[in-house]
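To be precise, the following lines are entry.tsv, and they hold TSV, C-alpha atoms and all ligand atoms.
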chain	number	residue	atom	x	y	z
A	1	MET	CA	16.90	-18.49	-9.47
A	2	SER	CA	17.26	-20.11	-12.87
A	3	ASP	CA	19.90	-22.22	-11.19
A	4	GLU	CA	19.53	-22.08	-7.44
A	5	THR	CA	22.85	-23.76	-6.76
A	6	SER	CA	24.68	-20.93	-8.55
A	7	LEU	CA	23.65	-18.64	-5.74
A	8	GLY	CA	25.76	-20.65	-3.40
A	9	PRO	CA	24.90	-21.95	0.02
A	10	GLY	CA	23.77	-19.81	2.92
A	11	ARG	CA	22.05	-16.51	2.93
A	12	GLU	CA	21.33	-16.00	-0.76
A	13	PHE	CA	19.79	-19.42	-1.00
A	14	ASP	CA	17.64	-18.59	2.02
A	15	LEU	CA	16.49	-15.39	0.32
A	16	VAL	CA	15.46	-17.28	-2.79
A	17	ARG	CA	13.51	-19.67	-0.61
A	18	VAL	CA	11.75	-16.73	1.06
A	19	MET	CA	10.55	-15.58	-2.35
A	20	MET	CA	9.68	-19.04	-3.64
A	21	SER	CA	7.61	-19.79	-0.56
A	22	ARG	CA	5.61	-16.60	-1.17
A	23	TRP	CA	5.13	-17.30	-4.85
A	24	GLY	CA	3.98	-20.91	-4.64
A	25	ASP	CA	2.40	-21.96	-7.91
A	26	ARG	CA	2.48	-18.39	-9.18
A	27	ALA	CA	6.08	-19.23	-10.14
A	28	ARG	CA	6.48	-21.71	-12.98
A	29	GLY	CA	9.39	-23.50	-14.60
A	30	ILE	CA	11.95	-22.24	-12.08
A	31	GLY	CA	14.63	-24.77	-11.24
A	32	ASP	CA	16.23	-25.47	-14.59
A	33	ASP	CA	18.97	-23.34	-16.17
A	34	ALA	CA	16.45	-21.37	-18.16
A	35	THR	CA	12.71	-21.35	-18.71
A	36	VAL	CA	11.00	-22.71	-21.82
A	37	LEU	CA	7.84	-20.92	-22.92
A	38	SER	CA	5.46	-21.61	-25.77
A	39	VAL	CA	4.08	-18.77	-27.86
A	40	PRO	CA	0.58	-19.45	-29.20
A	41	THR	CA	0.57	-20.41	-32.89
A	42	GLY	CA	0.31	-17.37	-35.16
A	43	GLU	CA	1.46	-14.94	-32.48
A	44	GLN	CA	4.75	-13.12	-31.97
A	45	LEU	CA	6.79	-12.79	-28.79
A	46	VAL	CA	6.65	-9.28	-27.23
A	47	VAL	CA	9.40	-8.43	-24.71
A	48	SER	CA	10.15	-5.38	-22.58
A	49	THR	CA	12.14	-4.56	-19.45
A	50	ASP	CA	11.69	-1.86	-16.84
A	51	ALA	CA	13.74	-0.87	-13.79
A	52	SER	CA	12.34	0.65	-10.58
A	53	LEU	CA	14.98	2.27	-8.39
A	54	GLU	CA	14.70	3.43	-4.83
A	55	ASP	CA	14.83	7.26	-4.63
A	56	VAL	CA	14.37	7.53	-8.38
A	57	HIS	CA	10.96	5.92	-8.96
A	58	PHE	CA	9.74	5.70	-5.38
A	59	ARG	CA	10.77	6.50	-1.85
A	60	ARG	CA	10.65	3.89	0.86
A	61	ALA	CA	8.79	6.19	3.21
A	62	TRP	CA	5.88	6.54	0.79
A	63	LEU	CA	4.94	2.93	0.18
A	64	ALA	CA	4.68	-0.46	1.85
A	65	PRO	CA	7.10	-3.11	0.52
A	66	ALA	CA	4.26	-5.06	-1.14
A	67	GLU	CA	3.17	-1.87	-2.93
A	68	ILE	CA	6.71	-1.30	-4.20
A	69	GLY	CA	6.75	-4.82	-5.63
A	70	TRP	CA	3.28	-4.42	-7.15
A	71	ARG	CA	4.12	-1.08	-8.67
A	72	ALA	CA	7.41	-2.16	-10.27
A	73	THR	CA	5.69	-5.18	-11.83
A	74	ALA	CA	2.62	-3.26	-12.99
A	75	ALA	CA	4.83	-0.61	-14.61
A	76	ALA	CA	6.66	-3.27	-16.61
A	77	LEU	CA	3.44	-5.08	-17.58
A	78	SER	CA	1.99	-1.79	-18.80
A	79	ASP	CA	4.42	-1.92	-21.72
A	80	LEU	CA	2.81	-5.21	-22.80
A	81	ALA	CA	-0.57	-3.49	-22.54
A	82	ALA	CA	0.76	-0.67	-24.70
A	83	MET	CA	1.44	-3.27	-27.42
A	84	ALA	CA	-1.97	-4.96	-26.89
A	85	ALA	CA	-0.08	-8.14	-25.97
A	86	THR	CA	-1.20	-10.93	-23.63
A	87	PRO	CA	1.28	-11.48	-20.76
A	88	LEU	CA	2.96	-14.89	-20.60
A	89	GLY	CA	5.54	-14.48	-17.85
A	90	ILE	CA	7.93	-12.18	-16.03
A	91	LEU	CA	11.59	-12.37	-14.98
A	92	ILE	CA	12.80	-10.48	-11.93
A	93	ALA	CA	16.29	-9.08	-11.37
A	94	LEU	CA	16.46	-7.84	-7.81
A	95	THR	CA	19.25	-5.82	-6.23
A	96	LEU	CA	18.82	-5.87	-2.48
A	97	SER	CA	20.52	-3.84	0.22
A	98	GLU	CA	20.97	-4.94	3.81
A	99	ARG	CA	18.10	-2.83	5.12
A	100	TRP	CA	15.61	-4.45	2.74
A	101	LEU	CA	16.31	-8.05	3.77
A	102	ASP	CA	13.48	-8.20	6.30
A	103	ASP	CA	10.99	-6.89	3.73
A	104	LEU	CA	11.87	-9.36	0.97
A	105	GLY	CA	8.84	-11.57	1.59
A	106	GLU	CA	6.45	-8.61	1.30
A	107	LEU	CA	8.20	-7.32	-1.81
A	108	ALA	CA	7.96	-10.78	-3.37
A	109	GLU	CA	4.27	-10.94	-2.47
A	110	GLY	CA	3.53	-7.62	-4.21
A	111	ILE	CA	5.39	-8.78	-7.32
A	112	ALA	CA	3.45	-12.05	-7.44
A	113	GLU	CA	0.07	-10.37	-6.86
A	114	SER	CA	0.64	-7.93	-9.69
A	115	ALA	CA	1.89	-10.64	-12.04
A	116	SER	CA	-0.97	-13.01	-11.36
A	117	ALA	CA	-3.56	-10.20	-11.61
A	118	ALA	CA	-2.30	-9.76	-15.18
A	119	GLY	CA	-2.23	-13.50	-15.90
A	120	ALA	CA	1.58	-13.74	-15.94
A	121	SER	CA	3.65	-16.43	-14.21
A	122	ILE	CA	7.00	-15.73	-12.58
A	123	VAL	CA	9.38	-17.69	-14.81
A	124	GLY	CA	12.82	-16.72	-13.53
A	125	GLY	CA	15.07	-14.15	-12.02
A	126	ASP	CA	18.31	-13.13	-10.44
A	127	LEU	CA	19.32	-11.82	-7.02
A	128	THR	CA	22.29	-9.56	-6.26
A	129	ARG	CA	23.40	-7.37	-3.38
A	130	GLY	CA	23.76	-3.62	-3.73
A	131	GLU	CA	23.47	-0.27	-1.98
A	132	GLN	CA	19.86	0.45	-2.89
A	133	LEU	CA	16.80	-1.51	-3.85
A	134	ALA	CA	16.44	-1.99	-7.60
A	135	ILE	CA	13.69	-4.11	-9.12
A	136	THR	CA	14.11	-4.84	-12.81
A	137	ILE	CA	11.20	-6.69	-14.35
A	138	THR	CA	11.37	-8.23	-17.81
A	139	VAL	CA	7.96	-9.01	-19.24
A	140	LEU	CA	7.17	-11.58	-21.91
A	141	GLY	CA	3.93	-11.56	-23.84
A	142	SER	CA	2.48	-12.42	-27.20
A	143	THR	CA	0.06	-11.10	-29.77
A	144	ALA	CA	-0.91	-11.67	-33.38
A	145	ALA	CA	-1.37	-7.94	-33.95
A	146	PRO	CA	0.89	-5.61	-31.95
A	147	MET	CA	-0.40	-2.07	-31.36
A	148	ARG	CA	2.44	0.28	-32.32
A	149	ARG	CA	3.25	3.96	-31.92
A	150	ASP	CA	3.79	4.67	-35.58
A	151	GLY	CA	0.34	4.11	-37.10
A	152	ALA	CA	-1.40	7.43	-36.41
A	153	HIS	CA	-2.57	9.41	-39.48
A	154	PRO	CA	-3.88	12.94	-39.93
A	155	GLY	CA	-7.62	12.89	-39.32
A	156	ASP	CA	-7.45	10.22	-36.62
A	157	ILE	CA	-9.18	10.75	-33.28
A	158	LEU	CA	-7.18	10.74	-30.00
A	159	TRP	CA	-8.46	8.87	-26.93
A	160	VAL	CA	-7.27	8.30	-23.38
A	161	THR	CA	-8.39	5.78	-20.75
A	162	GLY	CA	-9.04	6.63	-17.10
A	163	GLN	CA	-8.54	9.91	-15.28
A	164	LEU	CA	-5.22	11.72	-15.17
A	165	GLY	CA	-3.29	13.50	-12.45
A	166	GLY	CA	-3.54	11.16	-9.47
A	167	PRO	CA	0.13	10.12	-9.27
A	168	ALA	CA	1.33	13.75	-9.55
A	169	LEU	CA	-1.07	14.80	-6.77
A	170	ALA	CA	0.24	11.98	-4.56
A	171	ILE	CA	3.89	12.95	-5.14
A	172	ALA	CA	3.11	16.64	-4.54
A	173	ALA	CA	1.45	15.80	-1.22
A	174	TRP	CA	4.36	13.62	-0.06
A	175	ASN	CA	6.90	16.27	-1.11
A	176	GLU	CA	4.99	18.83	0.98
A	177	GLY	CA	4.88	16.54	4.00
A	178	ARG	CA	1.16	15.81	3.62
A	179	GLN	CA	-0.66	12.52	3.14
A	180	PRO	CA	-2.24	12.22	-0.33
A	181	THR	CA	-5.93	11.44	-0.65
A	182	PRO	CA	-6.62	7.68	-0.72
A	183	GLU	CA	-7.57	7.95	-4.42
A	184	ALA	CA	-4.38	9.76	-5.43
A	185	ARG	CA	-2.26	7.45	-3.27
A	186	ALA	CA	-3.81	4.35	-4.87
A	187	ARG	CA	-3.10	5.67	-8.36
A	188	PHE	CA	0.60	5.86	-7.46
A	189	ALA	CA	0.88	2.79	-5.23
A	190	ARG	CA	-1.33	0.29	-7.08
A	191	PRO	CA	-1.39	1.17	-10.78
A	192	VAL	CA	-3.22	-1.30	-13.00
A	193	PRO	CA	-1.80	-2.19	-16.43
A	194	ARG	CA	-4.65	-1.84	-18.94
A	195	ILE	CA	-4.11	-5.19	-20.62
A	196	ARG	CA	-7.64	-6.29	-21.56
A	197	GLU	CA	-8.54	-2.68	-22.28
A	198	ALA	CA	-5.71	-2.47	-24.82
A	199	GLN	CA	-6.89	-5.65	-26.55
A	200	TRP	CA	-10.40	-4.18	-26.77
A	201	LEU	CA	-8.99	-0.98	-28.27
A	202	ALA	CA	-6.83	-2.89	-30.76
A	203	ARG	CA	-9.83	-4.97	-31.85
A	204	ALA	CA	-11.87	-1.77	-32.16
A	205	GLY	CA	-9.39	-0.46	-34.70
A	206	ALA	CA	-6.72	1.52	-32.83
A	207	SER	CA	-4.25	2.81	-35.44
A	208	ALA	CA	-1.58	3.57	-32.80
A	209	GLY	CA	-1.20	3.31	-29.04
A	210	ILE	CA	1.15	3.98	-26.14
A	211	ASP	CA	0.95	3.80	-22.36
A	212	ILE	CA	1.27	7.01	-20.37
A	213	SER	CA	4.31	6.42	-18.21
A	214	ASP	CA	6.02	9.74	-19.04
A	215	GLY	CA	2.88	11.84	-18.75
A	216	LEU	CA	0.24	12.58	-21.37
A	217	GLY	CA	2.23	15.43	-22.96
A	218	GLY	CA	5.44	13.44	-23.09
A	219	ASP	CA	3.94	10.24	-24.43
A	220	ALA	CA	1.71	12.05	-26.94
A	221	ALA	CA	4.97	13.57	-28.24
A	222	HIS	CA	6.50	10.09	-28.51
A	223	LEU	CA	3.49	8.88	-30.50
A	224	ALA	CA	3.57	12.01	-32.69
A	225	ALA	CA	7.27	11.56	-33.42
A	226	ALA	CA	6.91	7.85	-34.24
A	227	SER	CA	3.94	8.50	-36.53
A	228	GLY	CA	5.29	11.72	-38.08
A	229	VAL	CA	2.17	13.70	-37.17
A	230	ARG	CA	1.08	16.69	-35.08
A	231	ILE	CA	-1.30	15.99	-32.21
A	232	ALA	CA	-3.78	18.56	-30.90
A	233	ILE	CA	-5.13	17.92	-27.40
A	234	ASP	CA	-8.24	19.76	-26.20
A	235	ALA	CA	-7.38	20.82	-22.63
A	236	ASP	CA	-11.05	21.16	-21.67
A	237	ALA	CA	-11.68	17.53	-22.63
A	238	LEU	CA	-8.96	16.03	-20.41
A	239	PRO	CA	-10.39	13.54	-17.89
A	240	ARG	CA	-8.96	14.75	-14.60
A	241	ALA	CA	-8.64	13.03	-11.25
A	242	PRO	CA	-10.40	14.87	-8.41
A	243	GLY	CA	-8.26	17.89	-7.48
A	244	ALA	CA	-6.09	17.80	-10.63
A	245	ASP	CA	-5.94	20.87	-12.88
A	246	VAL	CA	-5.22	20.71	-16.60
A	247	SER	CA	-1.49	21.20	-16.15
A	248	THR	CA	-1.27	18.41	-13.56
A	249	ALA	CA	-3.36	16.07	-15.72
A	250	GLN	CA	-1.21	16.54	-18.79
A	251	ARG	CA	2.16	16.37	-17.00
A	252	SER	CA	1.45	13.62	-14.45
A	253	GLY	CA	3.63	10.58	-15.18
A	254	GLU	CA	3.41	6.98	-14.03
A	255	GLU	CA	-0.25	6.93	-15.02
A	256	TYR	CA	-0.19	3.63	-16.93
A	257	GLU	CA	-3.30	4.64	-18.80
A	258	LEU	CA	-3.49	4.19	-22.58
A	259	LEU	CA	-3.38	6.84	-25.30
A	260	VAL	CA	-4.67	5.58	-28.65
A	261	THR	CA	-5.69	6.90	-32.05
A	262	THR	CA	-8.50	5.60	-34.25
A	263	ARG	CA	-9.85	6.36	-37.73
A	264	SER	CA	-13.48	6.17	-36.58
A	265	PRO	CA	-15.27	7.00	-33.33
A	266	LEU	CA	-15.24	4.37	-30.57
A	267	ASP	CA	-18.14	3.20	-28.40
A	268	ALA	CA	-16.89	4.77	-25.16
A	269	ALA	CA	-20.05	3.73	-23.29
A	270	ALA	CA	-19.47	0.07	-24.16
A	271	PHE	CA	-15.84	0.39	-23.02
A	272	GLN	CA	-16.98	1.96	-19.73
A	273	ARG	CA	-19.51	-0.84	-19.18
A	274	GLU	CA	-16.98	-3.57	-19.85
A	275	PHE	CA	-14.07	-2.22	-17.80
A	276	ASN	CA	-15.66	0.26	-15.38
A	277	LEU	CA	-13.14	2.75	-16.76
A	278	SER	CA	-13.66	5.91	-18.76
A	279	LEU	CA	-12.56	6.27	-22.39
A	280	THR	CA	-12.41	9.93	-23.41
A	281	ARG	CA	-11.98	11.62	-26.78
A	282	ILE	CA	-9.35	14.28	-26.13
A	283	GLY	CA	-8.08	15.49	-29.48
A	284	THR	CA	-7.15	14.94	-33.09
A	285	VAL	CA	-4.22	13.95	-35.23
A	286	GLU	CA	-3.12	16.57	-37.77
A	287	GLN	CA	-0.63	17.02	-40.54
A	288	GLY	CA	2.40	19.07	-39.52
A	289	ASP	CA	5.72	19.05	-37.73
A	290	PRO	CA	5.76	16.14	-35.28
A	291	GLY	CA	4.79	17.46	-31.86
A	292	VAL	CA	1.89	18.23	-29.55
A	293	ASP	CA	-0.29	21.32	-29.16
A	294	LEU	CA	-2.62	21.97	-26.27
A	295	LEU	CA	-5.82	23.84	-27.17
A	296	ILE	CA	-6.76	26.02	-24.19
A	297	GLY	CA	-9.85	28.20	-24.56
A	298	GLY	CA	-9.34	28.52	-28.31
A	299	GLU	CA	-5.62	29.27	-27.94
A	300	ARG	CA	-3.06	26.85	-29.30
A	301	VAL	CA	0.07	26.41	-27.18
A	302	ALA	CA	2.94	23.96	-27.64
A	303	SER	CA	2.56	21.30	-24.96
A	304	PRO	CA	5.40	21.14	-22.45
A	305	THR	CA	6.99	17.72	-22.44
A	306	GLY	CA	9.67	16.15	-20.33
A	307	TYR	CA	9.01	14.47	-17.06
A	308	ASP	CA	10.91	14.33	-13.82
A	309	HIS	CA	9.84	11.50	-11.55
A	310	PHE	CA	9.68	13.63	-8.43
A	311	SER	CA	8.48	16.92	-9.91
A	312	PRO	CA	4.68	16.80	-10.09
B	1	MG	MG	5.67	2.53	-22.32
Take the structure in this file and express it as structure tokens.
Amino acid sequence: MSDETSLGPGREFDLVRVMMSRWGDRARGIGDDATVLSVPTGEQLVVSTDASLEDVHFRRAWLAPAEIGWRATAAALSDLAAMAATPLGILIALTLSERWLDDLGELAEGIAESASAAGASIVGGDLTRGEQLAITITVLGSTAAPMRRDGAHPGDILWVTGQLGGPALAIAAWNEGRQPTPEARARFARPVPRIREAQWLARAGASAGIDISDGLGGDAAHLAAASGVRIAIDADALPRAPGADVSTAQRSGEEYELLVTTRSPLDAAAFQREFNLSLTRIGTVEQGDPGVDLLIGGERVASPTGYDHFSP
């Protein structure tokens, strides 16, 4: 799409037009060989890329095409949130199989909705044919003060946004041939990258932060490893989605909530008022071998990590 003529005449060109007609002015700067973006003075460019593959990250039977587009885009944008960056634009690399051709317009619509909800324009992309649907989204953002994983110190307080477990409950229901509850389904199908929330947390003094795409246990371990600290999570404090037990809440991936550490307590009530989203104190940062412990009824157990997309 950076150079429409390179796609050749005929069907591929038609497919690009299908997407462009859906995007309208939500796409910007497409039509030259590459896109030129300005980064606000004093800020740095923040870039990340994320692939969503059919039968790895989602199954076609679970979601509508627009939801698949939304979800792939939101997942990529969540990595900008994790850095407390402001989105500037996204690039889309789409691999499309024959059986997805009729759904391209809906897919494109979901991508554009998610991008524009986050304030990002569609600034370019690429279209290829393949056996299965693959949506690779590259996100571009900027910030003067990136929130990193490596800034947590012993004595810091650990916080998480939102309620955990919804996506795992949805996958469990689908795997058992049931329909998930509307709440659990929405958490999987329409995740929201916590972009403004991350900026609030960074301004409030977050020493480190990460988004929970690999599950709370897994991403807390990533933060612990990057910061060289031990993290203790109080199981009783975990904010759980309706129907989620502690194990589900701490293992559930694809949450796209934020896990942050701070030196001083945060005003969780002010956060809740501003974003209509909970902010919960769930543990502490300690000195020790990098890793995560779960405190369950006074017992300390090493937190299981690792995350398999389809094993809730
Ligand atoms: Mg991430």
So which residues are near ligand MG 1 (chain B), meaning at most 9 Å away with only C-alpha atoms and all ligand atoms counted, given back as a list in words?
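So, counting only C-alpha atoms and all ligand atoms, the residues near ligand MG 1 (chain B) are Ala75, Ala76, Ser78, Asp79, Leu80, Ala81, Ala82, Met83, Ile210, Asp211, Ile212, Ser213, Asp214, Asp219 and Tyr256 of chain A.
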Find the distance between CA of Thr248 in chain A and CA of Ala302 in chain A and write it in Å to one decimal.
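Pair CA of Thr248 in chain A / CA of Ala302 in chain A returns 15.7 Å.
Residues surrounding Leu238 in chain A within 9 Å are Val160, Gln163, Leu164, Ile233, Asp234, Val246, Ala249, Gln250, Thr280, Arg281 and Ile282 of chain A [all atoms listed in the file; sequence separation below 4 positions excluded].
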May I have a table of the residues of range 41-127 of chain A lying at most 10 Å from range 180-188 of chain A, giving each one's closest pair of atoms and their distance in Å to one decimal, counting only C-alpha atoms, ordered by chain and ascending residue number, as a tab-separated table?
residue	atom	partner	partner_atom	distance
A:Phe58	CA	A:Phe188	CA	9.4
A:Trp62	CA	A:Arg185	CA	9.1
A:Leu63	CA	A:Arg185	CA	9.2
A:Glu67	CA	A:Phe188	CA	9.3
A:Ile68	CA	A:Phe188	CA	10.0
A:Arg71	CA	A:Phe188	CA	7.9
Selected residue of minimal separation from Ala225 in chain A among A:Gly31, A:Leu91, A:Arg149, A:Ala51, counting all atoms listed in the file:
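When distances to Ala225 in chain A are compared using all atoms listed in the file, the smallest one comes from A:Arg149.
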What is the distance between CA of Asp289 in chain A and CA of Ser48 in chain A, in Å to one decimal?
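Separation of CA of Asp289 in chain A and CA of Ser48 in chain A: 29.1 Å.
Using only C-alpha atoms, the smallest distance between any of A:Ala170, A:Ala93, A:Leu101, A:Val139 and Arg11 in chain A comes from A:Leu101.
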Hey, what's within 7 Å of range 120-137 of chain A if we count only C-alpha atoms and toss same-chain stuff fewer than 2 positions away? As a VMD selection string, please?
chain A and resid 1 to 2 26 to 30 35 49 to 54 72 to 73 76 87 to 97 115 to 116 118 139
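For the atom pair formed by CA of Ser114 in chain A and CA of Val192 in chain A, the distance is 8.4 Å, given to one decimal.
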Have a look at A:Ala172, A:Arg230, A:Ala108, A:Arg196 and name the one nearest to Gly243 in chain A; count all atoms listed in the file.
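Selected residue with least distance to Gly243 in chain A: A:Ala172.
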Smallest atom-to-atom distance to Thr86 in chain A: which of A:Ala198, A:Met20, A:Val229, A:Leu107, using all atoms listed in the file?
A:Ala198
Output as an mmCIF file, keeping the file's coordinate frame: range 176-206 of chain A, completed with N, CA and C atoms.
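And here's selection_4.cif as it stands now:
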data_model
loop_
_atom_site.group_PDB
_atom_site.id
_atom_site.type_symbol
_atom_site.label_atom_id
_atom_site.label_comp_id
_atom_site.auth_asym_id
_atom_site.auth_seq_id
_atom_site.Cartn_x
_atom_site.Cartn_y
_atom_site.Cartn_z
ATOM 1 N N GLU A 176 5.333 17.724 0.072
ATOM 2 C CA GLU A 176 4.990 18.830 0.980
ATOM 3 C C GLU A 176 4.744 18.336 2.392
ATOM 4 N N GLY A 177 5.036 17.078 2.649
ATOM 5 C CA GLY A 177 4.880 16.540 4.000
ATOM 6 C C GLY A 177 3.457 16.223 4.381
ATOM 7 N N ARG A 178 2.555 16.176 3.361
ATOM 8 C CA ARG A 178 1.160 15.810 3.620
ATOM 9 C C ARG A 178 0.906 14.375 3.185
ATOM 10 N N GLN A 179 -0.205 13.816 3.646
ATOM 11 C CA GLN A 179 -0.660 12.520 3.140
ATOM 12 C C GLN A 179 -1.545 12.778 1.931
ATOM 13 N N PRO A 180 -1.327 12.062 0.816
ATOM 14 C CA PRO A 180 -2.240 12.220 -0.330
ATOM 15 C C PRO A 180 -3.628 11.685 -0.001
ATOM 16 N N THR A 181 -4.610 12.051 -0.806
ATOM 17 C CA THR A 181 -5.930 11.440 -0.650
ATOM 18 C C THR A 181 -5.793 9.937 -0.960
ATOM 19 N N PRO A 182 -6.701 9.119 -0.425
ATOM 20 C CA PRO A 182 -6.620 7.680 -0.720
ATOM 21 C C PRO A 182 -6.658 7.392 -2.226
ATOM 22 N N GLU A 183 -7.450 8.191 -2.976
ATOM 23 C CA GLU A 183 -7.570 7.950 -4.420
ATOM 24 C C GLU A 183 -6.244 8.245 -5.120
ATOM 25 N N ALA A 184 -5.643 9.389 -4.780
ATOM 26 C CA ALA A 184 -4.380 9.760 -5.430
ATOM 27 C C ALA A 184 -3.278 8.771 -5.026
ATOM 28 N N ARG A 185 -3.271 8.402 -3.753
ATOM 29 C CA ARG A 185 -2.260 7.450 -3.270
ATOM 30 C C ARG A 185 -2.361 6.119 -4.021
ATOM 31 N N ALA A 186 -3.607 5.628 -4.190
ATOM 32 C CA ALA A 186 -3.810 4.350 -4.870
ATOM 33 C C ALA A 186 -3.337 4.404 -6.315
ATOM 34 N N ARG A 187 -3.519 5.545 -6.962
ATOM 35 C CA ARG A 187 -3.100 5.670 -8.360
ATOM 36 C C ARG A 187 -1.576 5.548 -8.475
ATOM 37 N N PHE A 188 -0.861 5.989 -7.438
ATOM 38 C CA PHE A 188 0.600 5.860 -7.460
ATOM 39 C C PHE A 188 1.049 4.478 -6.975
ATOM 40 N N ALA A 189 0.401 4.004 -5.911
ATOM 41 C CA ALA A 189 0.880 2.790 -5.230
ATOM 42 C C ALA A 189 0.424 1.496 -5.912
ATOM 43 N N ARG A 190 -0.768 1.527 -6.518
ATOM 44 C CA ARG A 190 -1.330 0.290 -7.080
ATOM 45 C C ARG A 190 -1.826 0.516 -8.508
ATOM 46 N N PRO A 191 -0.946 0.970 -9.403
ATOM 47 C CA PRO A 191 -1.390 1.170 -10.780
ATOM 48 C C PRO A 191 -1.783 -0.164 -11.418
ATOM 49 N N VAL A 192 -2.729 -0.090 -12.346
ATOM 50 C CA VAL A 192 -3.220 -1.300 -13.000
ATOM 51 C C VAL A 192 -2.891 -1.237 -14.494
ATOM 52 N N PRO A 193 -2.074 -2.182 -14.988
ATOM 53 C CA PRO A 193 -1.800 -2.190 -16.430
ATOM 54 C C PRO A 193 -3.085 -2.506 -17.200
ATOM 55 N N ARG A 194 -3.358 -1.742 -18.241
ATOM 56 C CA ARG A 194 -4.650 -1.840 -18.940
ATOM 57 C C ARG A 194 -4.590 -2.887 -20.049
ATOM 58 N N ILE A 195 -4.393 -4.133 -19.656
ATOM 59 C CA ILE A 195 -4.110 -5.190 -20.620
ATOM 60 C C ILE A 195 -5.343 -5.574 -21.446
ATOM 61 N N ARG A 196 -6.425 -5.908 -20.798
ATOM 62 C CA ARG A 196 -7.640 -6.290 -21.560
ATOM 63 C C ARG A 196 -8.204 -5.078 -22.276
ATOM 64 N N GLU A 197 -8.062 -3.915 -21.651
ATOM 65 C CA GLU A 197 -8.540 -2.680 -22.280
ATOM 66 C C GLU A 197 -7.820 -2.437 -23.607
ATOM 67 N N ALA A 198 -6.495 -2.689 -23.599
ATOM 68 C CA ALA A 198 -5.710 -2.470 -24.820
ATOM 69 C C ALA A 198 -6.151 -3.430 -25.924
ATOM 70 N N GLN A 199 -6.454 -4.672 -25.542
ATOM 71 C CA GLN A 199 -6.890 -5.650 -26.550
ATOM 72 C C GLN A 199 -8.234 -5.231 -27.147
ATOM 73 N N TRP A 200 -9.109 -4.701 -26.293
ATOM 74 C CA TRP A 200 -10.400 -4.180 -26.770
ATOM 75 C C TRP A 200 -10.157 -3.050 -27.769
ATOM 76 N N LEU A 201 -9.266 -2.137 -27.413
ATOM 77 C CA LEU A 201 -8.990 -0.980 -28.270
ATOM 78 C C LEU A 201 -8.358 -1.414 -29.596
ATOM 79 N N ALA A 202 -7.457 -2.398 -29.526
ATOM 80 C CA ALA A 202 -6.830 -2.890 -30.760
ATOM 81 C C ALA A 202 -7.874 -3.539 -31.662
ATOM 82 N N ARG A 203 -8.757 -4.333 -31.054
ATOM 83 C CA ARG A 203 -9.830 -4.970 -31.850
ATOM 84 C C ARG A 203 -10.773 -3.932 -32.440
ATOM 85 N N ALA A 204 -10.955 -2.821 -31.697
ATOM 86 C CA ALA A 204 -11.870 -1.770 -32.160
ATOM 87 C C ALA A 204 -11.231 -0.883 -33.226
ATOM 88 N N GLY A 205 -9.981 -1.164 -33.565
ATOM 89 C CA GLY A 205 -9.390 -0.460 -34.700
ATOM 90 C C GLY A 205 -8.376 0.605 -34.351
ATOM 91 N N ALA A 206 -7.747 0.529 -33.177
ATOM 92 C CA ALA A 206 -6.720 1.520 -32.830
ATOM 93 C C ALA A 206 -5.629 1.523 -33.905
#
